[in-house]
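Q: Sharing start.txt (compact mmCIF, C-alpha atoms) below.
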# COMPACT_ATOMS: atom_id res chain seq x y z
CA ILE A 16 -86.06 71.94 -219.24
CA PHE A 17 -89.53 72.61 -220.53
CA LYS A 18 -91.45 75.56 -219.17
CA ILE A 19 -95.04 76.00 -218.12
CA SER A 20 -97.26 73.28 -216.92
CA ASN A 21 -99.91 73.16 -219.65
CA MET A 22 -100.55 69.78 -221.21
CA LYS A 23 -98.28 69.20 -224.16
CA LEU A 24 -98.53 66.44 -226.73
CA ILE A 25 -95.66 64.63 -225.08
CA LEU A 26 -97.73 64.29 -221.90
CA HIS A 27 -100.84 63.44 -223.91
CA ASN A 28 -98.91 60.63 -225.58
CA MET A 29 -98.04 59.06 -222.24
CA LEU A 30 -101.52 59.23 -220.69
CA THR A 31 -103.80 56.22 -220.69
CA SER A 32 -107.18 55.25 -219.31
CA ALA A 33 -105.94 51.74 -218.45
CA MET A 34 -106.75 52.21 -214.75
CA ILE A 35 -110.43 51.83 -215.70
CA LYS A 36 -111.85 48.33 -215.24
CA GLY A 37 -112.15 46.46 -218.51
CA VAL A 38 -109.91 48.76 -220.53
CA LYS A 39 -107.28 46.74 -222.40
CA LYS A 40 -104.96 49.39 -223.79
CA GLY A 41 -106.43 52.81 -223.08
CA TYR A 42 -104.38 54.84 -225.55
CA PRO A 43 -104.04 56.93 -227.53
CA LEU A 44 -106.68 59.05 -225.81
CA LEU A 45 -108.71 61.03 -228.33
CA LEU A 46 -107.81 64.68 -228.12
CA ARG A 47 -110.74 67.10 -228.23
CA ALA A 48 -109.08 70.45 -227.68
CA THR A 49 -111.05 73.67 -227.53
CA LYS A 50 -108.26 76.07 -226.62
CA VAL A 51 -104.60 75.71 -227.58
CA GLU A 52 -101.53 77.94 -227.65
CA LEU A 53 -98.08 77.75 -229.17
CA GLN A 54 -95.35 78.45 -226.61
CA PRO A 55 -91.67 78.96 -227.35
CA VAL A 56 -89.64 76.21 -225.68
CA GLU A 57 -85.90 75.83 -226.06
CA PHE A 58 -85.02 72.98 -228.39
CA ASP A 59 -83.12 70.20 -226.62
CA ALA A 60 -82.17 67.57 -229.19
CA GLY A 61 -80.97 65.17 -226.49
CA PHE A 62 -84.38 65.16 -224.81
CA VAL A 63 -86.29 64.55 -228.05
CA VAL A 64 -83.91 61.75 -229.08
CA HIS A 65 -84.22 60.15 -225.61
CA MET A 66 -88.04 60.33 -225.57
CA LEU A 67 -88.80 59.30 -229.18
CA PRO A 68 -88.43 55.52 -228.65
CA ARG A 69 -90.95 55.72 -225.80
CA LEU A 70 -93.63 57.50 -227.73
CA ASP A 71 -96.50 55.87 -229.56
CA TRP A 72 -95.73 57.67 -232.83
CA SER A 73 -99.05 56.94 -234.50
CA GLY A 74 -100.66 58.60 -231.48
CA VAL A 75 -98.52 61.68 -232.06
CA THR A 76 -99.39 61.96 -235.76
CA ALA A 77 -103.08 61.36 -235.02
CA ALA A 78 -103.10 64.13 -232.40
CA VAL A 79 -101.37 66.56 -234.80
CA GLN A 80 -103.83 65.78 -237.59
CA CYS A 81 -106.73 66.15 -235.18
CA LEU A 82 -105.49 69.56 -234.02
CA ASN A 83 -104.80 70.81 -237.53
CA GLN A 84 -108.33 69.82 -238.54
CA LEU A 85 -109.79 71.73 -235.59
CA ASP A 86 -108.09 74.80 -237.05
CA LEU A 87 -107.48 76.42 -233.66
CA LEU A 88 -104.07 77.82 -234.53
CA GLN A 89 -103.06 80.64 -236.87
CA ASP A 90 -100.52 78.40 -238.58
CA PRO A 91 -100.98 74.63 -238.65
CA LEU A 92 -98.46 72.38 -236.91
CA PRO A 93 -95.71 71.06 -239.18
CA GLU A 94 -96.60 67.80 -240.88
CA LEU A 95 -94.91 64.75 -239.43
CA PRO A 96 -93.88 61.58 -241.30
CA PRO A 97 -96.07 58.52 -240.58
CA THR A 98 -93.12 56.67 -239.07
CA VAL A 99 -90.03 57.86 -237.23
CA PRO A 100 -87.11 57.95 -239.72
CA ASP A 101 -84.26 55.50 -239.06
CA ASP A 102 -81.73 58.33 -238.87
CA TYR A 103 -83.81 60.29 -236.34
CA ALA A 104 -80.91 60.71 -233.91
CA ASN A 105 -79.03 62.85 -236.43
CA ASN A 106 -81.93 64.24 -238.44
CA GLU A 107 -82.16 67.75 -236.98
CA ASP A 108 -84.91 68.81 -239.38
CA PHE A 109 -87.13 65.96 -238.17
CA LEU A 110 -86.21 66.50 -234.52
CA ARG A 111 -87.13 70.20 -234.69
CA LYS A 112 -90.51 69.41 -236.24
CA ALA A 113 -91.13 66.77 -233.59
CA HIS A 114 -90.07 69.28 -230.91
CA ILE A 115 -92.64 71.83 -232.08
CA ALA A 116 -95.42 69.27 -232.04
CA LEU A 117 -94.43 67.59 -228.78
CA MET A 118 -93.19 70.50 -226.67
CA GLN A 119 -94.52 73.78 -228.00
CA LEU A 120 -98.20 73.06 -228.43
CA ASP A 121 -100.10 73.69 -225.18
CA VAL A 122 -103.60 72.31 -224.74
CA ILE A 123 -105.32 74.66 -222.29
CA GLU A 124 -108.98 73.58 -222.47
CA GLY A 125 -110.73 70.57 -223.90
CA CYS A 126 -111.00 66.93 -223.02
CA LEU A 127 -109.40 63.54 -223.52
CA VAL A 128 -111.56 60.55 -224.43
CA CYS A 129 -110.89 56.89 -223.67
CA PRO A 130 -110.86 55.05 -227.03
CA GLU A 131 -112.52 51.95 -225.52
CA THR A 132 -115.16 53.26 -223.12
CA GLY A 133 -115.76 56.80 -224.36
CA ARG A 134 -115.16 58.06 -220.84
CA GLU A 135 -114.16 61.75 -220.88
CA PHE A 136 -111.34 63.37 -218.94
CA PRO A 137 -111.67 67.17 -218.89
CA ILE A 138 -108.69 69.49 -219.35
CA ALA A 139 -108.90 72.80 -217.49
CA LYS A 140 -106.16 75.42 -217.12
CA GLY A 141 -103.89 73.05 -218.99
CA ILE A 142 -104.25 70.25 -216.43
CA PRO A 143 -105.93 66.97 -217.49
CA ASN A 144 -108.20 65.51 -214.81
CA MET A 145 -107.69 61.75 -214.81
CA LEU A 146 -109.76 61.10 -211.68
CA ILE A 147 -112.12 58.13 -211.82
CA ASN A 148 -114.65 56.79 -209.31
CA ASP A 149 -113.86 53.82 -207.06
CA ASN A 150 -116.42 51.67 -208.90
CA GLU A 151 -114.71 52.36 -212.23
CA ALA A 152 -111.29 51.24 -211.01
CA ALA A 153 -109.81 47.94 -212.10
CA MET B 12 -98.87 65.94 -180.28
CA ALA B 13 -101.14 67.16 -183.10
CA SER B 14 -103.15 64.47 -184.85
CA ARG B 15 -102.03 63.45 -188.28
CA PRO B 16 -103.72 65.05 -191.30
CA GLU B 17 -104.36 61.60 -192.73
CA SER B 18 -106.63 60.62 -189.84
CA SER B 19 -109.03 63.51 -190.40
CA LEU B 20 -109.89 63.67 -194.11
CA PRO B 21 -108.90 62.13 -197.45
CA PRO B 22 -106.24 64.18 -199.29
CA GLU B 23 -108.55 65.65 -201.95
CA LEU B 24 -110.64 67.21 -199.14
CA TYR B 25 -107.85 67.91 -196.63
CA TYR B 26 -105.84 70.01 -199.07
CA ASP B 27 -108.47 72.68 -199.62
CA ASP B 28 -107.60 76.26 -200.55
CA LYS B 29 -106.88 77.23 -196.93
CA GLU B 30 -104.55 74.32 -196.26
CA ALA B 31 -102.91 74.63 -199.66
CA LYS B 32 -102.10 78.28 -198.93
CA LYS B 33 -99.73 77.12 -196.17
CA TYR B 34 -97.57 75.64 -198.87
CA THR B 35 -96.98 79.11 -200.29
CA GLN B 36 -96.79 81.03 -197.06
CA ASN B 37 -95.31 78.79 -194.37
CA SER B 38 -91.56 78.99 -194.85
CA ARG B 39 -90.91 76.12 -192.46
CA ILE B 40 -93.12 73.71 -194.42
CA ILE B 41 -91.48 74.84 -197.63
CA GLN B 42 -88.00 74.41 -196.21
CA ILE B 43 -88.62 70.89 -194.90
CA GLN B 44 -90.26 69.78 -198.14
CA SER B 45 -87.40 71.29 -200.17
CA GLU B 46 -84.77 69.52 -198.12
CA MET B 47 -86.51 66.18 -198.42
CA SER B 48 -86.90 66.72 -202.16
CA GLU B 49 -83.19 67.42 -202.54
CA ARG B 50 -82.37 64.34 -200.47
CA ALA B 51 -84.72 62.19 -202.58
CA ILE B 52 -83.05 63.45 -205.77
CA GLU B 53 -79.66 62.68 -204.23
CA LEU B 54 -80.79 59.12 -203.47
CA LEU B 55 -81.80 58.69 -207.13
CA SER B 56 -78.05 58.61 -207.86
CA LEU B 57 -78.51 59.99 -211.37
CA PRO B 58 -75.49 60.92 -213.52
CA GLU B 59 -74.20 64.43 -212.72
CA ASP B 60 -73.71 65.41 -216.37
CA PRO B 61 -76.30 68.16 -217.09
CA THR B 62 -76.65 67.10 -220.75
CA ILE B 63 -77.67 63.63 -219.63
CA ARG B 64 -79.98 65.03 -216.94
CA SER B 65 -81.77 67.34 -219.37
CA SER B 66 -82.66 64.36 -221.55
CA LEU B 67 -84.36 62.43 -218.71
CA LEU B 68 -88.00 62.46 -217.60
CA VAL B 69 -88.93 62.11 -213.92
CA LEU B 70 -92.33 61.44 -212.35
CA ASP B 71 -93.22 63.38 -209.19
CA VAL B 72 -95.90 61.47 -207.26
CA GLY B 73 -98.00 63.76 -205.09
CA CYS B 74 -96.33 66.85 -206.53
CA GLY B 75 -98.71 69.14 -204.63
CA SER B 76 -97.81 72.81 -204.81
CA GLY B 77 -94.63 72.14 -206.77
CA ILE B 78 -91.95 72.35 -204.08
CA SER B 79 -90.43 69.03 -205.09
CA GLY B 80 -90.88 69.98 -208.74
CA ALA B 81 -88.82 73.11 -208.16
CA ALA B 82 -86.06 70.96 -206.69
CA LEU B 83 -86.20 68.68 -209.75
CA THR B 84 -85.94 71.67 -212.08
CA GLU B 85 -83.07 73.01 -210.00
CA ALA B 86 -81.34 69.63 -210.42
CA GLY B 87 -81.63 69.97 -214.21
CA LEU B 88 -84.39 67.40 -214.63
CA ASN B 89 -87.60 67.40 -216.69
CA TRP B 90 -90.64 66.14 -214.84
CA PHE B 91 -94.35 65.42 -214.87
CA GLY B 92 -96.24 65.67 -211.59
CA VAL B 93 -99.48 64.11 -210.42
CA ASP B 94 -101.65 65.08 -207.45
CA ILE B 95 -105.22 64.50 -206.31
CA SER B 96 -105.86 67.97 -204.91
CA SER B 97 -107.05 70.72 -207.23
CA SER B 98 -106.21 73.38 -204.63
CA MET B 99 -102.60 72.25 -204.43
CA LEU B 100 -102.31 72.06 -208.23
CA GLU B 101 -103.69 75.63 -208.40
CA ILE B 102 -100.82 76.74 -206.17
CA ALA B 103 -98.41 74.90 -208.45
CA LEU B 104 -99.81 76.84 -211.41
CA GLU B 105 -99.45 80.11 -209.50
CA ASN B 106 -95.87 79.17 -208.73
CA GLU B 107 -95.31 78.68 -212.47
CA VAL B 108 -93.71 75.29 -212.06
CA GLU B 109 -91.71 73.99 -214.98
CA GLY B 110 -93.19 70.53 -215.26
CA GLY B 111 -96.34 69.01 -216.78
CA LEU B 112 -99.19 68.43 -214.34
CA ALA B 113 -102.07 65.97 -214.18
CA ARG B 114 -104.74 65.28 -211.59
CA CYS B 115 -105.37 61.69 -210.54
CA ASP B 116 -105.82 59.28 -207.64
CA ILE B 117 -102.68 57.17 -207.42
CA GLY B 118 -104.59 54.51 -205.46
CA HIS B 119 -106.45 53.62 -208.69
CA GLY B 120 -103.19 53.15 -210.57
CA LEU B 121 -101.11 55.72 -212.42
CA PRO B 122 -102.53 56.82 -215.78
CA PHE B 123 -99.30 56.33 -217.74
CA ARG B 124 -98.15 53.94 -220.44
CA ALA B 125 -95.35 51.45 -219.90
CA GLY B 126 -91.74 52.56 -219.60
CA CYS B 127 -92.23 56.33 -219.69
CA PHE B 128 -90.11 57.49 -216.77
CA ASP B 129 -86.37 57.36 -216.10
CA ALA B 130 -86.86 58.03 -212.40
CA VAL B 131 -89.58 58.72 -209.83
CA VAL B 132 -89.66 60.85 -206.68
CA SER B 133 -92.33 61.37 -204.07
CA VAL B 134 -92.25 63.62 -201.01
CA SER B 135 -94.71 63.19 -198.13
CA ALA B 136 -97.43 61.59 -200.22
CA LEU B 137 -97.47 57.81 -199.80
CA GLN B 138 -98.79 57.75 -196.23
CA TRP B 139 -102.15 58.82 -197.68
CA LEU B 140 -102.37 55.35 -199.25
CA ALA B 141 -102.43 53.80 -195.79
CA TYR B 142 -105.86 55.20 -194.99
CA SER B 143 -109.29 54.38 -196.28
CA ASP B 144 -112.28 56.58 -195.61
CA ARG B 145 -114.66 55.13 -198.15
CA SER B 146 -116.21 51.71 -197.80
CA THR B 147 -115.41 50.94 -201.43
CA ALA B 148 -111.70 51.55 -201.02
CA ASN B 149 -109.33 48.98 -199.53
CA PRO B 150 -105.91 50.42 -198.57
CA ILE B 151 -103.91 47.30 -199.43
CA ARG B 152 -105.64 47.01 -202.78
CA ARG B 153 -104.93 50.68 -203.47
CA GLN B 154 -101.27 50.27 -202.52
CA ARG B 155 -100.94 47.27 -204.85
CA ALA B 156 -102.63 49.18 -207.67
CA PHE B 157 -100.22 52.06 -207.16
CA PHE B 158 -97.02 50.01 -206.93
CA THR B 159 -97.93 47.74 -209.86
CA SER B 160 -98.65 50.70 -212.11
CA LEU B 161 -95.54 52.46 -210.83
CA TYR B 162 -93.34 49.53 -211.81
CA ALA B 163 -94.96 49.39 -215.23
CA CYS B 164 -94.51 53.06 -216.08
CA MET B 165 -90.82 53.09 -215.14
CA SER B 166 -88.19 52.37 -217.77
CA VAL B 167 -85.82 49.40 -217.33
CA GLY B 168 -83.23 50.18 -214.68
CA ALA B 169 -85.13 53.19 -213.35
CA ARG B 170 -85.24 54.00 -209.64
CA ALA B 171 -88.04 55.42 -207.48
CA VAL B 172 -87.30 57.27 -204.23
CA LEU B 173 -90.43 57.78 -202.18
CA GLN B 174 -90.30 59.70 -198.89
CA PHE B 175 -93.28 59.18 -196.59
CA TYR B 176 -94.46 59.54 -192.98
CA PRO B 177 -95.76 56.23 -191.63
CA ALA B 178 -97.90 56.62 -188.49
CA ASP B 179 -96.40 53.49 -186.93
CA GLU B 180 -94.31 50.38 -187.57
CA LEU B 181 -97.29 48.44 -188.92
CA GLN B 182 -98.06 51.04 -191.60
CA LEU B 183 -94.41 51.12 -192.54
CA GLN B 184 -94.26 47.34 -192.97
CA LEU B 185 -97.52 47.22 -194.92
CA LEU B 186 -96.33 49.83 -197.42
CA LEU B 187 -92.93 48.20 -197.69
CA ASN B 188 -94.56 44.80 -198.27
CA SER B 189 -96.92 46.20 -200.90
CA ALA B 190 -94.00 47.72 -202.77
CA MET B 191 -91.74 44.69 -202.62
CA SER B 192 -94.50 42.34 -203.79
CA CYS B 193 -94.80 44.23 -207.08
CA GLY B 194 -91.46 43.28 -208.60
CA PHE B 195 -89.13 45.92 -207.20
CA THR B 196 -85.77 45.30 -205.58
CA GLY B 197 -84.40 47.68 -202.97
CA GLY B 198 -86.02 48.56 -199.66
CA LEU B 199 -86.09 51.19 -196.98
CA VAL B 200 -83.43 53.84 -196.27
CA THR B 201 -83.96 55.73 -193.02
CA ASP B 202 -82.05 58.94 -192.31
CA TYR B 203 -81.38 59.79 -188.62
CA PRO B 204 -82.89 56.49 -187.45
CA GLU B 205 -82.15 57.20 -183.76
CA SER B 206 -84.27 60.35 -183.54
CA ALA B 207 -88.05 59.95 -183.51
CA LYS B 208 -88.42 63.57 -184.58
CA ALA B 209 -85.74 63.80 -187.24
CA ARG B 210 -86.02 60.38 -188.79
CA LYS B 211 -87.02 60.30 -192.45
CA HIS B 212 -88.09 57.19 -194.33
CA PHE B 213 -87.35 56.72 -198.03
CA LEU B 214 -88.57 53.75 -200.03
CA VAL B 215 -85.85 53.16 -202.62
CA LEU B 216 -87.21 50.91 -205.37
CA ASP B 217 -85.30 49.66 -208.39
CA THR B 218 -86.77 47.97 -211.44
CA ALA B 219 -83.52 46.12 -212.17
CA GLY B 220 -81.83 44.23 -209.35
CA THR B 221 -78.17 45.02 -209.52
CA ARG B 222 -77.81 48.48 -207.99
CA PRO B 223 -76.42 48.85 -204.44
CA MET B 224 -78.62 50.64 -201.91
CA PRO B 225 -77.54 54.19 -201.06
CA ALA B 226 -76.20 55.00 -197.59
CA ALA B 227 -78.49 56.55 -194.96
CA GLN B 228 -77.61 59.71 -193.07
CA ASP B 229 -77.04 59.68 -189.30
CA GLU B 230 -76.83 62.24 -186.48
CA ALA B 231 -73.16 63.06 -186.92
CA GLY B 232 -73.81 63.97 -190.55
CA GLY B 233 -71.76 60.98 -191.55
CA ARG B 234 -72.83 58.35 -194.01
CA HIS B 235 -72.80 54.70 -193.22
CA SER B 236 -74.15 51.69 -195.00
CA THR B 237 -77.42 50.63 -193.45
CA LYS B 238 -78.49 47.08 -193.98
CA GLN B 239 -81.54 47.52 -196.17
CA GLN B 240 -84.64 46.71 -194.21
CA GLN B 241 -86.41 43.80 -195.81
CA PRO B 242 -90.01 43.08 -194.86
CA MET B 243 -89.93 40.71 -191.87
CA ARG B 244 -90.03 37.20 -193.29
CA LYS B 245 -91.87 34.55 -191.34
CA GLY B 246 -89.32 32.28 -189.64
CA SER B 247 -86.46 34.79 -189.80
CA LYS B 248 -84.52 35.68 -186.66
CA ALA B 249 -86.17 39.11 -186.49
CA TRP B 250 -89.59 37.46 -186.75
CA ILE B 251 -88.72 34.95 -184.01
CA MET B 252 -87.51 37.72 -181.68
CA ARG B 253 -90.66 39.74 -182.33
CA LYS B 254 -92.93 36.77 -181.62
CA LYS B 255 -91.07 36.02 -178.38
CA GLU B 256 -91.35 39.66 -177.32
CA GLN B 257 -95.11 39.63 -178.03
CA TYR B 258 -95.54 36.48 -175.92
CA ARG B 259 -93.51 37.96 -173.06
CA ARG B 260 -95.64 41.10 -173.09
CA LYS B 261 -98.86 39.12 -172.94
CA ASN B 262 -97.57 36.63 -170.38
CA PRO B 263 -95.07 38.47 -168.16
CA ASP B 264 -95.02 35.77 -165.46
CA SER B 265 -94.67 32.77 -167.74
CA LYS B 266 -91.48 30.75 -167.58
CA ALA B 267 -92.42 28.69 -170.65
CA LEU B 268 -90.35 30.66 -173.16
CA PRO B 269 -86.65 29.77 -173.50
CA SER B 270 -84.43 32.78 -172.73
CA ASP B 271 -82.64 34.49 -175.61
CA SER B 272 -79.10 33.43 -176.36
CA LYS B 273 -76.70 33.45 -179.24
CA TYR B 274 -78.45 30.28 -180.46
CA THR B 275 -81.86 31.94 -180.83
CA GLY B 276 -82.98 31.90 -184.46
CA ARG B 277 -79.53 30.73 -185.53
CA LYS B 278 -79.30 29.27 -189.02
CA ARG B 279 -79.28 25.50 -188.72
CA LYS B 280 -77.38 23.12 -190.99
CA PRO B 281 -79.70 21.99 -193.84
CA ARG B 282 -80.71 18.40 -193.15
CA PHE B 283 -82.20 17.46 -196.50
Written as structure tokens, how would this file's structure read?
A:
Amino acid sequence: IFKISNMKLILHNMLTSAMIKGVKKGYPLLLRATKVELQPVEFDAGFVVHMLPRLDWSGVTAAVQCLNQLDLLQDPLPELPPTVPDDYANNEDFLRKAHIALMQLDVIEGCLVCPETGREFPIAKGIPNMLINDNEAA
Amino acid sequence: MASRPESSLPPELYYDDKEAKKYTQNSRIIQIQSEMSERAIELLSLPEDPTIRSSLLVLDVGCGSGISGAALTEAGLNWFGVDISSSMLEIALENEVEGGLARCDIGHGLPFRAGCFDAVVSVSALQWLAYSDRSTANPIRRQRAFFTSLYACMSVGARAVLQFYPADELQLQLLLNSAMSCGFTGGLVTDYPESAKARKHFLVLDTAGTRPMPAAQDEAGGRHSTKQQQPMRKGSKAWIMRKKEQYRRKNPDSKALPSDSKYTGRKRKPRF
């Protein structure tokens, strides 16, 4: 069970701006973080293995690169391979690295940006605000 | 009887800091919401094995102050919650809930990619979709947007259990119709159907068609199989009876209508 409600990369990976009229895909949302924190979260291999097939992996690696470039952390996040290895279900080394990136990195402040419209969704107190106006809705 | 919250203000304005505080302080509200959350989780019929449960991801629609989220955590499940009210989400943060949170308007469609969630719960949230306070918002359109996006973001074979408080039979049927027209199988499960005060409605929606509907609870605490309530199809016996009843009410002295018998609305032999 993961603790604390701040936005983690696993949530970021699932969010989309597709509810906006005209948006075809709406992910991955560009991550412009201004405040992040690393939180200890118990490693649950079963959860990571179960979630991996659902993730847009290129979105995960892009977010990690983006965050490492922003240099907001004391130590950079571990580097992730460009594709998920075939033996991921048994590759504990890979699963632990994925766990750190997906579950332990909290985005507290910043914003998410729709890749197609540039529309911004602010993140405050770790909660992304995905509200849109009625006239923006599909 | 007190007027319903939904008839006064939209949820993002109704749940201000003062109202949201009740969800931390009023033990009766908390108790009722907790019980309904536990019942909704029960209706999900997920495997009991805690190792399986801790690998799943559940969506909590209208998570509010985190009462249902606490029940999900207690049940060994990971979850993300969405809500429209910033005040309620603040309370959830204060309560240190153990799930991810996001703010959104479910009537615009959920902001999630396809196939993310193994299960979905909702406690006392969907009735807000029955109302429209803004001229630009159409309740039916909002319901369709919600249910379509809900179906999409659920994984194959996932189930959604959505408890809600319809104001009347019409609202209930409209919501049920909106849900069933978006690809789900399943229907309505009503606990304690005989009691107007105690009755609780749960929309149980499956993305794959082969699961049996769970049993509803009745007064005696026993479980019995309720026939799942399908939306009233035009031409069905229930529809015929309703139409006859409407006519009788409008024309109490008329003798034009045939009286009801065992032949009323009976299935006829196909002639073609």
Q: Record the distance separating atom CA of Lys273 of chain B and atom CA of Ser247 of chain B, expressed in Å with one decimal.
A: 14.4 Å
Q: Please determine the contact residues of chain A with respect to chain B at a cut-off of 9 Å, counting only C-alpha atoms, and supply them as a ChimeraX atom specification.
A: /A:16-23,26,28-35,40-42,59-66,69-70,140-150,152-153
Q: Check the smallest atom-to-atom distance from each of A:Ala139, A:Val79, A:Leu117, A:Val38 to Pro55 of chain A using only C-alpha atoms, then report the winner.
A: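 Going through A:Ala139, A:Val79, A:Leu117, A:Val38 one by one, the smallest distance to Pro55 of chain A is for A:Leu117.
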Q: Figure out the distance between atom CA of Ile102 of chain B and atom CA of Val128 of chain A, please, to one decimal in Å.
A: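 So the answer is 26.7 Å.
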Q: I'd like to know which of B:Asn37, B:Thr159, B:Gln228, B:Thr218 is closest to Gly197 of chain B, using all atoms listed in the file.
A: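 Residue with the minimum atom-to-atom distance to Gly197 of chain B: B:Thr218.
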Q: Mind listing whatever residues come within 6 Å of the point (-92.3, 59.7, -211.6)? Use all atoms listed in the file, file coordinates, and give them as number ranges by chain.
A: B: 69-72, 130-132
Q: Between B:Lys33, B:Ser38, B:Glu49, B:Trp139, which one has atoms that come closest to Arg15 of chain B, using all atoms listed in the file?
A: B:Trp139
Q: Figure out the distance between atom CA of Leu55 of chain B and atom CA of Gly198 of chain B, please, to one decimal in Å.
A: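 According to the coordinates, atom CA of Gly198 of chain B and atom CA of Leu55 of chain B are separated by 13.3 Å.
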Q: Taking (-92.7, 64.6, -241.6) as a centre in this file's frame and 12 Å as the limit, can you find every polymer residue with an atom that close, using all atoms listed in the file, and give them as a PyMOL selection string?
A: chain A and resi 72+75-76+79-80+92-100+103+106-116
Q: Got a sec: who's within 10 Å of Gln174 of chain B, counting only C-alpha atoms, leaving out chain neighbours fewer than 3 positions off, as a VMD selection string?
A: chain B and resid 47 to 48 50 to 51 132 to 138 171 177 199 to 201 211 to 215
Q: Can you take segment 213-228 of chain B from the block and write N, CA and C atoms as a PDB file, in the first residue's frame?
A:
ATOM      1  N   PHE B 213     -26.848   0.675  -5.208  1.00  0.00           N
ATOM      2  CA  PHE B 213     -25.496   0.488  -5.730  1.00  0.00           C
ATOM      3  C   PHE B 213     -25.588   0.134  -7.204  1.00  0.00           C
ATOM      4  N   LEU B 214     -24.974   0.944  -8.045  1.00  0.00           N
ATOM      5  CA  LEU B 214     -24.829   0.571  -9.457  1.00  0.00           C
ATOM      6  C   LEU B 214     -23.656  -0.380  -9.519  1.00  0.00           C
ATOM      7  N   VAL B 215     -23.884  -1.603 -10.018  1.00  0.00           N
ATOM      8  CA  VAL B 215     -22.797  -2.570 -10.131  1.00  0.00           C
ATOM      9  C   VAL B 215     -22.550  -2.784 -11.608  1.00  0.00           C
ATOM     10  N   LEU B 216     -21.413  -2.300 -12.103  1.00  0.00           N
ATOM     11  CA  LEU B 216     -21.148  -2.280 -13.542  1.00  0.00           C
ATOM     12  C   LEU B 216     -19.917  -3.093 -13.876  1.00  0.00           C
ATOM     13  N   ASP B 217     -20.083  -4.055 -14.782  1.00  0.00           N
ATOM     14  CA  ASP B 217     -18.964  -4.889 -15.209  1.00  0.00           C
ATOM     15  C   ASP B 217     -18.571  -4.570 -16.642  1.00  0.00           C
ATOM     16  N   THR B 218     -17.249  -4.647 -16.911  1.00  0.00           N
ATOM     17  CA  THR B 218     -16.805  -4.397 -18.276  1.00  0.00           C
ATOM     18  C   THR B 218     -16.816  -5.664 -19.111  1.00  0.00           C
ATOM     19  N   ALA B 219     -16.893  -6.838 -18.448  1.00  0.00           N
ATOM     20  CA  ALA B 219     -17.001  -8.091 -19.194  1.00  0.00           C
ATOM     21  C   ALA B 219     -18.273  -8.760 -18.718  1.00  0.00           C
ATOM     22  N   GLY B 220     -19.026  -9.396 -19.594  1.00  0.00           N
ATOM     23  CA  GLY B 220     -20.400  -9.760 -19.280  1.00  0.00           C
ATOM     24  C   GLY B 220     -20.704 -10.988 -18.462  1.00  0.00           C
ATOM     25  N   THR B 221     -19.693 -11.752 -18.055  1.00  0.00           N
ATOM     26  CA  THR B 221     -20.053 -13.078 -17.554  1.00  0.00           C
ATOM     27  C   THR B 221     -20.189 -13.204 -16.039  1.00  0.00           C
ATOM     28  N   ARG B 222     -20.031 -12.102 -15.289  1.00  0.00           N
ATOM     29  CA  ARG B 222     -20.072 -12.278 -13.837  1.00  0.00           C
ATOM     30  C   ARG B 222     -21.497 -12.202 -13.308  1.00  0.00           C
ATOM     31  N   PRO B 223     -21.865 -13.054 -12.346  1.00  0.00           N
ATOM     32  CA  PRO B 223     -23.211 -12.970 -11.760  1.00  0.00           C
ATOM     33  C   PRO B 223     -23.309 -11.741 -10.849  1.00  0.00           C
ATOM     34  N   MET B 224     -24.506 -11.174 -10.760  1.00  0.00           N
ATOM     35  CA  MET B 224     -24.724 -10.016  -9.900  1.00  0.00           C
ATOM     36  C   MET B 224     -24.683 -10.451  -8.439  1.00  0.00           C
ATOM     37  N   PRO B 225     -24.122  -9.614  -7.557  1.00  0.00           N
ATOM     38  CA  PRO B 225     -24.095  -9.985  -6.141  1.00  0.00           C
ATOM     39  C   PRO B 225     -25.480  -9.863  -5.517  1.00  0.00           C
ATOM     40  N   ALA B 226     -25.688 -10.532  -4.381  1.00  0.00           N
ATOM     41  CA  ALA B 226     -26.991 -10.519  -3.724  1.00  0.00           C
ATOM     42  C   ALA B 226     -27.160  -9.247  -2.898  1.00  0.00           C
ATOM     43  N   ALA B 227     -28.390  -8.720  -2.876  1.00  0.00           N
ATOM     44  CA  ALA B 227     -28.681  -7.537  -2.066  1.00  0.00           C
ATOM     45  C   ALA B 227     -28.954  -7.969  -0.635  1.00  0.00           C
ATOM     46  N   GLN B 228     -28.898  -6.982   0.269  1.00  0.00           N
ATOM     47  CA  GLN B 228     -29.166  -7.261   1.679  1.00  0.00           C
ATOM     48  C   GLN B 228     -30.593  -6.847   1.995  1.00  0.00           C
TER      49      GLN B 228
END
